[in-house]
$ cat model.txt   # compact mmCIF, C-alpha atoms and all ligand atoms
# COMPACT_ATOMS: atom_id res chain seq x y z
CA MET A 298 83.43 -88.60 -26.87
CA GLU A 299 82.14 -89.84 -30.23
CA GLY A 300 82.43 -86.28 -31.54
CA GLN A 301 86.01 -86.10 -30.31
CA ARG A 302 86.86 -89.36 -32.10
CA SER A 303 85.30 -88.19 -35.39
CA ALA A 304 87.10 -84.87 -35.08
CA ALA A 305 90.41 -86.66 -34.51
CA ALA A 306 89.73 -88.89 -37.55
CA LEU A 307 88.94 -85.86 -39.71
CA ARG A 308 92.13 -84.22 -38.55
CA GLU A 309 94.05 -87.27 -39.77
CA SER A 310 92.26 -87.25 -43.16
CA PHE A 311 93.13 -83.59 -43.56
CA GLU A 312 96.79 -84.25 -42.83
CA ARG A 313 96.88 -87.19 -45.25
CA VAL A 314 95.31 -85.17 -48.10
CA PHE A 315 96.96 -81.79 -47.60
CA GLY A 316 100.27 -82.88 -46.06
CA ALA A 317 100.00 -80.85 -42.84
CA PRO A 318 97.56 -80.83 -39.91
CA PRO A 319 94.60 -78.42 -39.94
CA ALA A 320 94.82 -75.24 -37.89
CA ARG A 321 91.29 -75.44 -36.50
CA LEU A 322 88.14 -77.57 -36.48
CA PHE A 323 84.51 -76.56 -36.65
CA ARG A 324 81.08 -78.17 -36.52
CA ALA A 325 77.53 -77.28 -37.56
CA PRO A 326 74.34 -79.29 -36.97
CA GLY A 327 71.55 -80.54 -39.23
CA ARG A 328 68.02 -79.62 -38.22
CA VAL A 329 64.44 -80.80 -37.92
CA ASN A 330 61.54 -78.45 -38.11
CA LEU A 331 58.95 -79.07 -35.40
CA ILE A 332 56.37 -76.95 -37.23
CA GLY A 333 56.14 -74.01 -39.66
CA GLU A 334 56.73 -75.70 -43.01
CA HIS A 335 56.97 -73.76 -46.26
CA THR A 336 56.33 -70.58 -44.32
CA ASP A 337 59.86 -69.11 -44.26
CA TYR A 338 59.84 -67.83 -47.85
CA ASN A 339 56.39 -66.34 -47.16
CA ASP A 340 57.86 -64.11 -44.40
CA GLY A 341 56.19 -66.35 -41.79
CA PHE A 342 57.12 -68.25 -38.63
CA VAL A 343 59.10 -71.45 -38.11
CA LEU A 344 59.98 -73.57 -35.06
CA PRO A 345 63.02 -75.73 -35.89
CA ALA A 346 65.60 -77.39 -33.63
CA ALA A 347 69.19 -78.32 -34.42
CA ILE A 348 69.92 -82.05 -34.14
CA GLU A 349 72.80 -84.13 -32.84
CA ARG A 350 73.91 -85.11 -36.35
CA GLU A 351 76.47 -82.69 -37.62
CA VAL A 352 79.01 -81.69 -40.21
CA LEU A 353 82.65 -81.50 -39.13
CA LEU A 354 85.07 -79.25 -40.94
CA ALA A 355 88.85 -78.96 -40.62
CA ALA A 356 90.60 -75.91 -42.04
CA ALA A 357 94.00 -74.28 -42.42
CA PRO A 358 95.02 -71.06 -44.14
CA ALA A 359 97.37 -71.34 -47.15
CA SER A 360 99.73 -68.85 -48.74
CA ASP A 361 98.33 -69.20 -52.30
CA ALA A 362 95.07 -67.79 -53.68
CA LYS A 363 93.23 -71.10 -53.76
CA LEU A 364 90.34 -72.66 -51.90
CA GLU A 365 90.85 -76.42 -51.88
CA VAL A 366 88.15 -78.68 -50.50
CA PHE A 367 88.25 -82.38 -49.70
CA SER A 368 85.14 -84.45 -48.92
CA VAL A 369 85.80 -87.48 -46.72
CA ASP A 370 82.35 -88.87 -47.58
CA PHE A 371 82.86 -88.76 -51.35
CA ASP A 372 86.65 -89.13 -51.19
CA ARG A 373 86.89 -86.27 -53.72
CA ARG A 374 89.00 -83.17 -53.88
CA CYS A 375 88.24 -79.92 -55.68
CA ALA A 376 90.04 -76.56 -56.11
CA PHE A 377 88.73 -73.02 -56.70
CA ASP A 378 90.64 -69.92 -57.74
CA LEU A 379 89.80 -67.23 -55.16
CA GLY A 380 90.09 -64.53 -57.79
CA ARG A 381 87.23 -66.08 -59.76
CA ILE A 382 85.07 -68.53 -57.81
CA GLU A 383 82.71 -70.36 -60.13
CA ARG A 384 80.15 -73.02 -59.47
CA SER A 385 81.46 -76.53 -60.07
CA ALA A 386 79.24 -78.71 -62.22
CA ALA A 387 81.51 -81.73 -61.76
CA GLU A 388 81.64 -81.61 -57.93
CA PRO A 389 78.25 -80.26 -56.79
CA TRP A 390 78.96 -81.09 -53.10
CA SER A 391 81.78 -78.52 -53.11
CA ASN A 392 79.52 -75.61 -54.09
CA TYR A 393 78.16 -75.23 -50.54
CA VAL A 394 81.70 -74.45 -49.40
CA ALA A 395 82.76 -72.36 -52.41
CA GLY A 396 79.44 -70.48 -52.34
CA VAL A 397 80.16 -69.19 -48.85
CA ALA A 398 83.62 -67.92 -49.85
CA TRP A 399 81.95 -66.30 -52.88
CA ALA A 400 79.23 -64.66 -50.72
CA LEU A 401 81.83 -63.35 -48.25
CA GLN A 402 83.74 -61.76 -51.14
CA LYS A 403 80.51 -60.29 -52.57
CA ALA A 404 79.85 -58.70 -49.18
CA GLY A 405 83.28 -57.06 -49.36
CA HIS A 406 85.25 -59.37 -47.07
CA LYS A 407 88.71 -60.69 -47.83
CA VAL A 408 89.11 -64.46 -47.92
CA GLY A 409 92.68 -65.79 -48.12
CA GLY A 410 94.03 -69.09 -49.42
CA VAL A 411 92.59 -72.00 -47.47
CA ARG A 412 92.38 -75.81 -47.29
CA ILE A 413 89.22 -77.45 -46.02
CA ALA A 414 88.25 -81.07 -45.32
CA LEU A 415 84.71 -81.99 -44.39
CA GLN A 416 82.78 -84.95 -43.20
CA SER A 417 79.04 -85.16 -42.65
CA ALA A 418 76.91 -87.29 -40.36
CA VAL A 419 73.79 -85.56 -41.72
CA PRO A 420 72.48 -87.85 -44.46
CA PRO A 421 72.36 -85.83 -47.75
CA GLY A 422 68.99 -85.49 -49.46
CA SER A 423 67.11 -86.56 -46.32
CA GLY A 424 65.60 -83.14 -45.64
CA LEU A 425 67.76 -82.58 -42.54
CA SER A 426 69.64 -79.70 -44.16
CA SER A 427 73.12 -81.09 -44.59
CA SER A 428 73.74 -78.25 -47.05
CA ALA A 429 72.99 -75.50 -44.51
CA ALA A 430 75.22 -77.33 -42.01
CA ILE A 431 78.10 -77.29 -44.51
CA GLU A 432 77.48 -73.62 -45.25
CA LEU A 433 77.40 -72.60 -41.60
CA ALA A 434 80.48 -74.64 -40.69
CA THR A 435 82.31 -73.03 -43.63
CA SER A 436 81.19 -69.52 -42.74
CA VAL A 437 82.28 -69.87 -39.12
CA ALA A 438 85.62 -71.33 -40.24
CA LEU A 439 86.35 -68.60 -42.82
CA THR A 440 85.29 -65.73 -40.57
CA LYS A 441 87.44 -67.05 -37.69
CA LEU A 442 90.46 -67.79 -39.88
CA PHE A 443 90.40 -64.42 -41.64
CA GLY A 444 89.28 -62.21 -38.76
CA ILE A 445 85.91 -61.28 -40.30
CA ASP A 446 83.47 -59.93 -37.73
CA LEU A 447 79.86 -60.91 -38.49
CA GLU A 448 77.01 -61.63 -36.10
CA ARG A 449 75.25 -64.98 -36.45
CA PRO A 450 72.03 -63.67 -38.09
CA ALA A 451 74.16 -61.89 -40.71
CA LEU A 452 76.15 -65.08 -41.23
CA ALA A 453 72.92 -67.03 -41.73
CA ARG A 454 71.75 -64.49 -44.34
CA LEU A 455 75.10 -64.69 -46.10
CA CYS A 456 74.87 -68.49 -46.26
CA GLN A 457 71.31 -68.23 -47.60
CA ARG A 458 72.63 -65.92 -50.30
CA ALA A 459 75.30 -68.50 -51.17
CA GLU A 460 72.60 -71.12 -51.59
CA ASN A 461 70.19 -68.83 -53.50
CA GLU A 462 72.62 -67.15 -55.85
CA PHE A 463 75.64 -69.45 -56.10
CA VAL A 464 74.16 -72.94 -55.71
CA GLY A 465 70.89 -71.79 -57.33
CA MET A 466 68.36 -73.14 -54.81
CA PRO A 467 65.74 -70.51 -53.84
CA CYS A 468 65.44 -71.63 -50.18
CA GLY A 469 64.21 -69.48 -47.30
CA ILE A 470 66.21 -68.53 -44.19
CA MET A 471 65.14 -71.30 -41.79
CA ASP A 472 67.88 -73.89 -42.31
CA GLN A 473 70.84 -71.52 -42.19
CA PHE A 474 69.40 -69.67 -39.22
CA ILE A 475 68.90 -72.73 -37.03
CA ALA A 476 72.29 -74.20 -38.04
CA GLY A 477 73.88 -70.94 -36.87
CA LEU A 478 71.72 -70.05 -33.88
CA GLY A 479 70.48 -73.34 -32.41
CA ARG A 480 70.80 -73.73 -28.65
CA ALA A 481 71.18 -77.07 -26.84
CA GLY A 482 67.91 -78.19 -25.26
CA HIS A 483 65.87 -75.57 -27.13
CA ALA A 484 63.78 -75.14 -30.25
CA LEU A 485 63.90 -71.75 -31.95
CA LEU A 486 60.89 -69.64 -32.85
CA LEU A 487 61.88 -67.41 -35.74
CA ASP A 488 60.01 -64.57 -37.42
CA CYS A 489 61.38 -64.94 -40.95
CA ARG A 490 60.53 -61.33 -41.82
CA SER A 491 62.15 -59.43 -38.95
CA LEU A 492 64.55 -62.24 -37.95
CA ASP A 493 63.43 -61.73 -34.34
CA PHE A 494 63.87 -65.02 -32.57
CA GLU A 495 63.34 -66.73 -29.26
CA HIS A 496 64.79 -69.97 -27.87
CA VAL A 497 62.06 -72.14 -26.36
CA PRO A 498 63.14 -74.96 -24.02
CA VAL A 499 62.09 -78.51 -24.88
CA HIS A 500 61.69 -79.86 -21.35
CA THR A 501 60.40 -83.36 -21.23
CA ALA A 502 59.81 -84.54 -24.77
CA GLU A 503 62.02 -86.58 -27.02
CA ILE A 504 62.39 -85.74 -30.68
CA VAL A 505 62.47 -88.77 -32.97
CA VAL A 506 63.54 -88.45 -36.59
CA VAL A 507 62.56 -91.17 -39.06
CA ASP A 508 64.10 -91.21 -42.51
CA SER A 509 61.63 -92.70 -45.00
CA GLY A 510 64.46 -93.71 -47.32
CA VAL A 511 62.53 -92.03 -50.18
CA ARG A 512 64.54 -89.56 -52.29
CA ARG A 513 62.76 -87.70 -55.09
CA GLU A 514 64.55 -85.86 -57.86
CA LEU A 515 61.68 -83.41 -58.30
CA VAL A 516 62.10 -81.73 -54.90
CA ASP A 517 63.85 -78.66 -56.35
CA SER A 518 61.40 -78.01 -59.17
CA ALA A 519 58.35 -78.66 -56.95
CA TYR A 520 59.83 -76.27 -54.37
CA ARG A 521 60.24 -73.51 -56.96
CA GLU A 522 56.72 -74.13 -58.19
CA ARG A 523 55.21 -73.87 -54.68
CA ARG A 524 57.18 -70.70 -54.06
CA SER A 525 55.89 -69.01 -57.19
CA GLN A 526 52.30 -70.13 -56.51
CA CYS A 527 52.56 -68.42 -53.10
CA GLU A 528 53.99 -65.26 -54.64
CA SER A 529 51.25 -65.14 -57.23
CA ALA A 530 48.55 -65.65 -54.57
CA ALA A 531 50.07 -62.89 -52.40
CA ALA A 532 50.22 -60.48 -55.37
CA LYS A 533 46.54 -61.05 -56.19
CA LEU A 534 45.48 -60.60 -52.56
CA ALA A 535 47.62 -57.46 -52.29
CA ARG A 536 45.44 -55.91 -54.99
CA ALA A 537 42.35 -56.69 -52.89
CA ARG A 538 43.53 -55.35 -49.55
CA ARG A 539 46.22 -52.85 -48.58
CA GLY A 540 49.01 -53.95 -46.31
CA ILE A 541 49.61 -57.37 -47.85
CA ARG A 542 53.22 -57.85 -48.86
CA ALA A 543 53.46 -61.61 -48.49
CA LEU A 544 51.22 -64.49 -47.40
CA ARG A 545 52.41 -63.71 -43.87
CA ASP A 546 50.08 -60.70 -43.92
CA VAL A 547 47.03 -62.64 -45.07
CA THR A 548 44.33 -63.52 -42.51
CA PRO A 549 41.72 -66.30 -42.71
CA GLN A 550 39.13 -63.50 -43.24
CA ASP A 551 41.11 -62.24 -46.26
CA LEU A 552 40.90 -65.71 -47.76
CA GLU A 553 37.16 -65.86 -47.16
CA ARG A 554 36.54 -62.42 -48.60
CA HIS A 555 38.94 -62.37 -51.51
CA GLY A 556 39.68 -66.05 -52.11
CA GLN A 557 37.68 -65.99 -55.35
CA ARG A 558 40.45 -63.91 -56.92
CA LEU A 559 42.76 -66.92 -56.66
CA THR A 560 42.84 -70.10 -58.67
CA GLU A 561 41.62 -73.12 -56.76
CA MET A 562 45.22 -74.32 -56.38
CA GLU A 563 46.52 -70.93 -55.22
CA LEU A 564 43.76 -70.84 -52.63
CA ARG A 565 44.84 -74.19 -51.20
CA ARG A 566 48.52 -73.18 -51.12
CA ALA A 567 47.63 -69.90 -49.40
CA ARG A 568 45.35 -71.67 -46.93
CA HIS A 569 48.21 -73.92 -45.90
CA VAL A 570 50.54 -70.99 -45.28
CA VAL A 571 47.97 -68.90 -43.42
CA THR A 572 46.89 -71.74 -41.13
CA GLU A 573 50.48 -72.98 -40.68
CA ASN A 574 51.62 -69.60 -39.41
CA GLU A 575 48.81 -69.66 -36.83
CA ARG A 576 49.68 -73.21 -35.83
CA THR A 577 53.35 -72.33 -35.43
CA LEU A 578 52.66 -69.48 -33.01
CA GLN A 579 50.24 -71.68 -31.07
CA ALA A 580 52.81 -74.48 -31.04
CA ALA A 581 55.52 -72.22 -29.61
CA GLN A 582 53.11 -71.22 -26.84
CA ALA A 583 52.20 -74.86 -26.18
CA LEU A 584 55.91 -75.73 -25.93
CA LYS A 585 56.43 -72.90 -23.45
CA ASP A 586 53.51 -74.22 -21.39
CA ASP A 587 54.91 -77.77 -21.70
CA ASP A 588 51.51 -78.68 -23.18
CA LEU A 589 52.80 -81.46 -25.41
CA GLN A 590 49.33 -82.80 -26.13
CA THR A 591 48.36 -79.56 -27.87
CA LEU A 592 51.70 -79.31 -29.60
CA GLY A 593 51.25 -82.86 -30.90
CA GLU A 594 47.79 -82.08 -32.26
CA LEU A 595 49.14 -79.02 -34.07
CA MET A 596 51.89 -81.12 -35.63
CA ALA A 597 49.36 -83.66 -36.90
CA ALA A 598 47.20 -80.85 -38.33
CA SER A 599 50.29 -79.40 -40.01
CA HIS A 600 50.97 -82.72 -41.70
CA ASN A 601 47.41 -82.97 -43.01
CA SER A 602 47.63 -79.46 -44.40
CA LEU A 603 50.94 -80.21 -46.11
CA ARG A 604 49.46 -83.40 -47.53
CA ASP A 605 46.11 -82.04 -48.72
CA ASP A 606 46.53 -78.29 -49.36
CA TYR A 607 50.23 -77.90 -50.07
CA GLU A 608 50.65 -81.35 -51.67
CA VAL A 609 54.27 -81.92 -50.70
CA SER A 610 53.92 -85.19 -48.81
CA CYS A 611 54.05 -88.69 -50.29
CA PRO A 612 52.48 -92.06 -49.36
CA GLU A 613 55.58 -93.20 -47.45
CA LEU A 614 55.67 -90.06 -45.26
CA ASP A 615 51.91 -90.36 -44.67
CA LEU A 616 52.40 -93.96 -43.58
CA LEU A 617 55.24 -93.06 -41.19
CA VAL A 618 53.08 -90.37 -39.60
CA GLU A 619 50.12 -92.72 -39.29
CA LEU A 620 52.27 -95.44 -37.68
CA ALA A 621 53.93 -92.96 -35.32
CA LEU A 622 50.58 -91.55 -34.18
CA ALA A 623 49.45 -95.10 -33.36
CA THR A 624 52.50 -95.70 -31.11
CA PRO A 625 52.00 -95.32 -27.34
CA GLY A 626 53.73 -92.27 -25.90
CA VAL A 627 53.66 -90.27 -29.14
CA TYR A 628 52.25 -86.73 -28.97
CA GLY A 629 52.50 -85.76 -32.62
CA SER A 630 54.22 -86.48 -35.90
CA ARG A 631 54.62 -84.83 -39.30
CA MET A 632 56.80 -84.64 -42.36
CA THR A 633 59.69 -82.21 -41.90
CA GLY A 634 61.58 -80.09 -44.44
CA ALA A 635 60.66 -79.52 -48.07
CA GLY A 636 58.84 -82.86 -48.48
CA PHE A 637 58.45 -85.44 -51.29
CA GLY A 638 60.39 -87.96 -49.20
CA GLY A 639 63.06 -87.39 -46.60
CA CYS A 640 62.12 -87.48 -42.92
CA THR A 641 59.32 -87.21 -40.43
CA VAL A 642 59.68 -85.63 -37.00
CA THR A 643 57.87 -87.14 -34.04
CA LEU A 644 57.44 -85.66 -30.59
CA ALA A 645 57.14 -88.34 -27.93
CA GLN A 646 57.59 -89.20 -24.28
CA ARG A 647 61.11 -90.22 -23.39
CA GLY A 648 61.63 -93.85 -24.28
CA ALA A 649 58.89 -94.00 -26.95
CA VAL A 650 61.64 -94.40 -29.53
CA GLU A 651 61.98 -98.04 -28.43
CA ALA A 652 58.28 -98.71 -29.09
CA MET A 653 58.66 -97.05 -32.49
CA ARG A 654 61.64 -99.22 -33.26
CA LYS A 655 59.68 -102.36 -32.38
CA GLU A 656 56.36 -101.54 -34.02
CA LEU A 657 56.76 -98.84 -36.66
CA VAL A 658 59.94 -100.13 -38.29
CA PRO A 659 58.74 -103.66 -39.23
CA ARG A 660 55.33 -102.42 -40.39
CA TYR A 661 56.87 -99.72 -42.58
CA ARG A 662 59.33 -102.25 -43.97
CA ASP A 663 56.53 -104.75 -44.73
CA GLU A 664 54.31 -102.21 -46.45
CA THR A 665 56.93 -100.36 -48.48
CA GLY A 666 59.93 -102.67 -48.79
CA LEU A 667 62.06 -99.75 -47.56
CA GLU A 668 64.30 -99.71 -44.50
CA PRO A 669 63.51 -96.67 -42.34
CA MET A 670 66.37 -95.10 -40.40
CA LEU A 671 65.32 -93.85 -36.99
CA PHE A 672 67.05 -91.90 -34.24
CA ALA A 673 66.18 -89.85 -31.17
CA THR A 674 67.83 -86.51 -30.64
CA ALA A 675 67.91 -83.69 -28.15
CA PRO A 676 67.99 -80.15 -29.56
CA ALA A 677 71.65 -79.34 -30.27
CA ALA A 678 73.75 -76.16 -30.33
CA GLY A 679 74.42 -74.15 -33.49
CA ALA A 680 77.75 -74.00 -35.33
CA SER A 681 80.90 -73.69 -33.23
CA GLU A 682 84.61 -74.35 -33.09
CA VAL A 683 85.69 -77.81 -31.87
CA ILE A 684 88.64 -78.14 -29.57
CA ILE A 685 90.14 -81.65 -29.69
CA GLN A 686 91.59 -82.93 -26.44
CA ARG A 687 95.19 -84.05 -26.86
CA ARG A 688 94.45 -87.63 -25.84
CA PHE A 689 92.35 -88.08 -28.99
CA ILE A 690 95.14 -86.97 -31.32
CA ARG A 691 97.27 -89.91 -32.38
CA GLY A 692 100.93 -89.51 -31.40
CA ALA A 693 100.19 -86.32 -29.44
CA GLU A 694 101.04 -87.83 -26.01
CA GLY A 695 104.75 -87.85 -26.66
CA ARG A 696 104.86 -84.37 -28.19
C1 LIG B 1 63.73 -76.40 -47.28
C2 LIG B 1 64.22 -74.97 -47.40
C3 LIG B 1 63.73 -74.12 -46.23
C4 LIG B 1 62.22 -74.26 -46.05
C5 LIG B 1 61.80 -75.72 -46.05
C6 LIG B 1 60.31 -75.90 -46.03
O1 LIG B 1 64.31 -77.02 -46.15
O2 LIG B 1 65.63 -74.94 -47.43
O3 LIG B 1 64.09 -72.78 -46.44
O4 LIG B 1 61.52 -73.54 -47.04
O5 LIG B 1 62.32 -76.43 -47.16
O6 LIG B 1 59.76 -75.43 -44.85

$ encode --input "model.txt" --output "structure tokens" --more "lines below"
Ligand code: GLA
Amino acid sequence: MEGQRSAAALRESFERVFGAPPARLFRAPGRVNLIGEHTDYNDGFVLPAAIEREVLLAAAPASDAKLEVFSVDFDRRCAFDLGRIERSAAEPWSNYVAGVAWALQKAGHKVGGVRIALQSAVPPGSGLSSSAAIELATSVALTKLFGIDLERPALARLCQRAENEFVGMPCGIMDQFIAGLGRAGHALLLDCRSLDFEHVPVHTAEIVVVDSGVRRELVDSAYRERRSQCESAAAKLARARRGIRALRDVTPQDLERHGQRLTEMELRRARHVVTENERTLQAAQALKDDDLQTLGELMAASHNSLRDDYEVSCPELDLLVELALATPGVYGSRMTGAGFGGCTVTLAQRGAVEAMRKELVPRYRDETGLEPMLFATAPAAGASEVIIQRRFIRGAEGR
């Protein structure tokens, strides 16, 4: 219902800006990661779920050779020449859309003239992957409009390429994959090397997302730095034992035997990745067994490892986790996404969100002076087309 209203409102914005109604509407969700953090670019395992906050996108083909994009959230408009798509420095938000058109062209597909309006309910910079949601919504829209036939995993890869090579952020595959392949009521266990995946039902638990309100500029540079520390550690270990291509291949025994080849910092980074991969596989099994106690413990251990070994948490995220773990009905809690601010994810009994609202929110506010934003979500479906019912379209009744 709410989704239908937002879609109808976006349709109106599109018509106001571009002078004609859109041909079709699409949506793609943000995500939380239950566990498996900073493992995707190490060829490891992740267990994310799509959330009920999403990006909506309205689109119509045009007869010229232009991609024009309008952002309802920024109230800005931006145009790209399809013959020569270049990154926009002035309108960075538009690069997630243009990058996908660029990546489709690079892969040999033909993209025609098109108008796009978008609107996001995924807060930007909060670590819930609003950028992957925009990319996936765009890729589904462009492939449907121009008859391009690509399976979802290939679409996710293409969107990752847009982000890596066009936007310039060296992210892994997790965010694009879950935004494209999420399933309602399920988390997704993904092997980031083979792209084999499995949907795992989330039966009884509630997922609570808490936005710390902290936004750090250094996320991108710290991310790059972590990534290169992992690559350097993997390269050194590969010289010690055959068969190591990435930290995914490293065992705890490898670290014991050959850890002295690494710097102290590389050893800690590698230890996080190696133990996090183990935790993620155990967590997927615990979720299958509906053993939420074990899953919760693994999440808490993941947070500690991210805080101490990987050093991507911050005092505010640590506080949110501590407060969540002290709330009745909570199984586990951890930072989610790249870190340095953004959100935590908490797994709890149904209804625990109310206790969190009453106890965690005022204590966090008192200690930090920040207002946390909190919501419960069920795992949502990946990107799809949205069909608006006629009764939500203004003036449609009489037509
Ligand atoms: C960001 C990246 C992902 C992943 C996470 C950390 O969200 O986009 O690819 O690396 O950080 O797990």

$ residues_around --input "model.txt" --residues "Asp606 in chain A" --least-positions-apart "2" --cutoff "12 Å" --atoms "all atoms listed in the file" --output "PyMOL selection string"
chain A and resi 335+523+561-573+598-604+608-610

$ axis_aligned_box --input "model.txt" --around "ligand LIG 1 (chain B)" --padding-each-side "4 Å" --output "JSON"
{"center_x": 62.7, "center_y": -74.9, "center_z": -46.1, "size_x": 13.9, "size_y": 12.2, "size_z": 10.6}

$ residues_near_ligand --input "model.txt" --ligand "ligand LIG 1 (chain B)" --cutoff "7 Å" --atoms "all atoms listed in the file" --output "number ranges by chain"
A: 333-338, 424, 426, 468-472, 634-635

$ closest_residue --input "model.txt" --among "A:Glu365, A:Glu462, A:Asp446, A:Glu349" --to "Arg384 in chain A" --atoms "only C-alpha atoms"
A:Glu462

$ closest_residue --input "model.txt" --among "A:Ala649, A:Ala531, A:Ala398, A:Leu331" --to "Met596 in chain A" --atoms "only C-alpha atoms"
A:Leu331

$ residues_near_point --input "model.txt" --point "(76.8, -73.2, -31.5)" --cutoff "7 Å" --atoms "all atoms listed in the file" --output "JSON, numbers by chain"
{"A": [477, 478, 479, 480, 678, 679, 680, 681]}

$ closest_residue --input "model.txt" --among "A:Ser423, A:Asn392, A:Thr643, A:Ser630" --to "Arg513 in chain A" --atoms "only C-alpha atoms"
A:Ser423

$ residues_near_point --input "model.txt" --point "(72.4, -73.8, -52.4)" --cutoff "10 Å" --atoms "all atoms listed in the file" --output "list in words"
Pro389, Trp390, Asn392, Tyr393, Val394, Gly396, Val397, Ser428, Ala429, Glu432, Cys456, Gln457, Arg458, Ala459, Glu460, Asn461, Glu462, Phe463, Val464, Gly465, Met466, Pro467 and Cys468 of chain A

$ closest_residue --input "model.txt" --among "A:Thr577, A:Gln646, A:Ser529, A:Gln416" --to "Phe367 in chain A" --atoms "all atoms listed in the file"
A:Gln416

$ atom_distance --input "model.txt" --atom1 "CA of Leu515 in chain A" --atom2 "CA of Gly639 in chain A"
12.4 Å

$ residues_around --input "model.txt" --residues "Ala623 in chain A" --least-positions-apart "2" --cutoff "12 Å" --atoms "all atoms listed in the file" --output "list of chain:residue names"
A:Ala597, A:Leu616, A:Leu617, A:Val618, A:Glu619, A:Leu620, A:Ala621, A:Pro625, A:Gly626, A:Val627, A:Tyr628, A:Gly629, A:Ser630, A:Thr643, A:Ala645, A:Ala649, A:Ala652, A:Met653, A:Glu656, A:Leu657, A:Arg660

$ residues_around --input "model.txt" --residues "range 483-490 of chain A" --least-positions-apart "5" --cutoff "6 Å" --atoms "only C-alpha atoms" --output "VMD selection string"
chain A and resid 337 340 to 346 495 to 499 676

$ atom_distance --input "model.txt" --atom1 "CA of Glu528 in chain A" --atom2 "CA of Pro421 in chain A"
28.4 Å

$ atom_distance --input "model.txt" --atom1 "CA of Ala304 in chain A" --atom2 "CA of Arg374 in chain A"
19.0 Å

$ closest_residue --input "model.txt" --among "A:Asp378, A:Glu682, A:Glu553, A:Glu668" --to "Lys363 in chain A" --atoms "all atoms listed in the file"
A:Asp378

$ residues_around --input "model.txt" --residues "range 405-415 of chain A" --least-positions-apart "4" --cutoff "7 Å" --atoms "all atoms listed in the file" --output "list in words"
Phe311, Leu353, Leu354, Ala355, Ala356, Ala357, Pro358, Ala359, Ser360, Asp361, Ala362, Lys363, Leu364, Glu365, Val366, Phe367, Ser368, Val369, Ala398, Leu401 and Phe443 of chain A

$ residues_around --input "model.txt" --residues "Gly327 in chain A" --least-positions-apart "4" --cutoff "6 Å" --atoms "only C-alpha atoms" --output "compact mmCIF listing (two decimals) with C-alpha atoms, keeping the file's coordinate frame"
# COMPACT_ATOMS: atom_id res chain seq x y z
CA ALA A 347 69.19 -78.32 -34.42
CA ILE A 348 69.92 -82.05 -34.14
CA ARG A 350 73.91 -85.11 -36.35
CA GLU A 351 76.47 -82.69 -37.62
CA LEU A 425 67.76 -82.58 -42.54
CA SER A 426 69.64 -79.70 -44.16
CA SER A 427 73.12 -81.09 -44.59
CA ALA A 430 75.22 -77.33 -42.01

$ closest_residue --input "model.txt" --among "A:Ala532, A:Ile541, A:Cys611, A:Ala677" --to "Val516 in chain A" --atoms "only C-alpha atoms"
A:Cys611
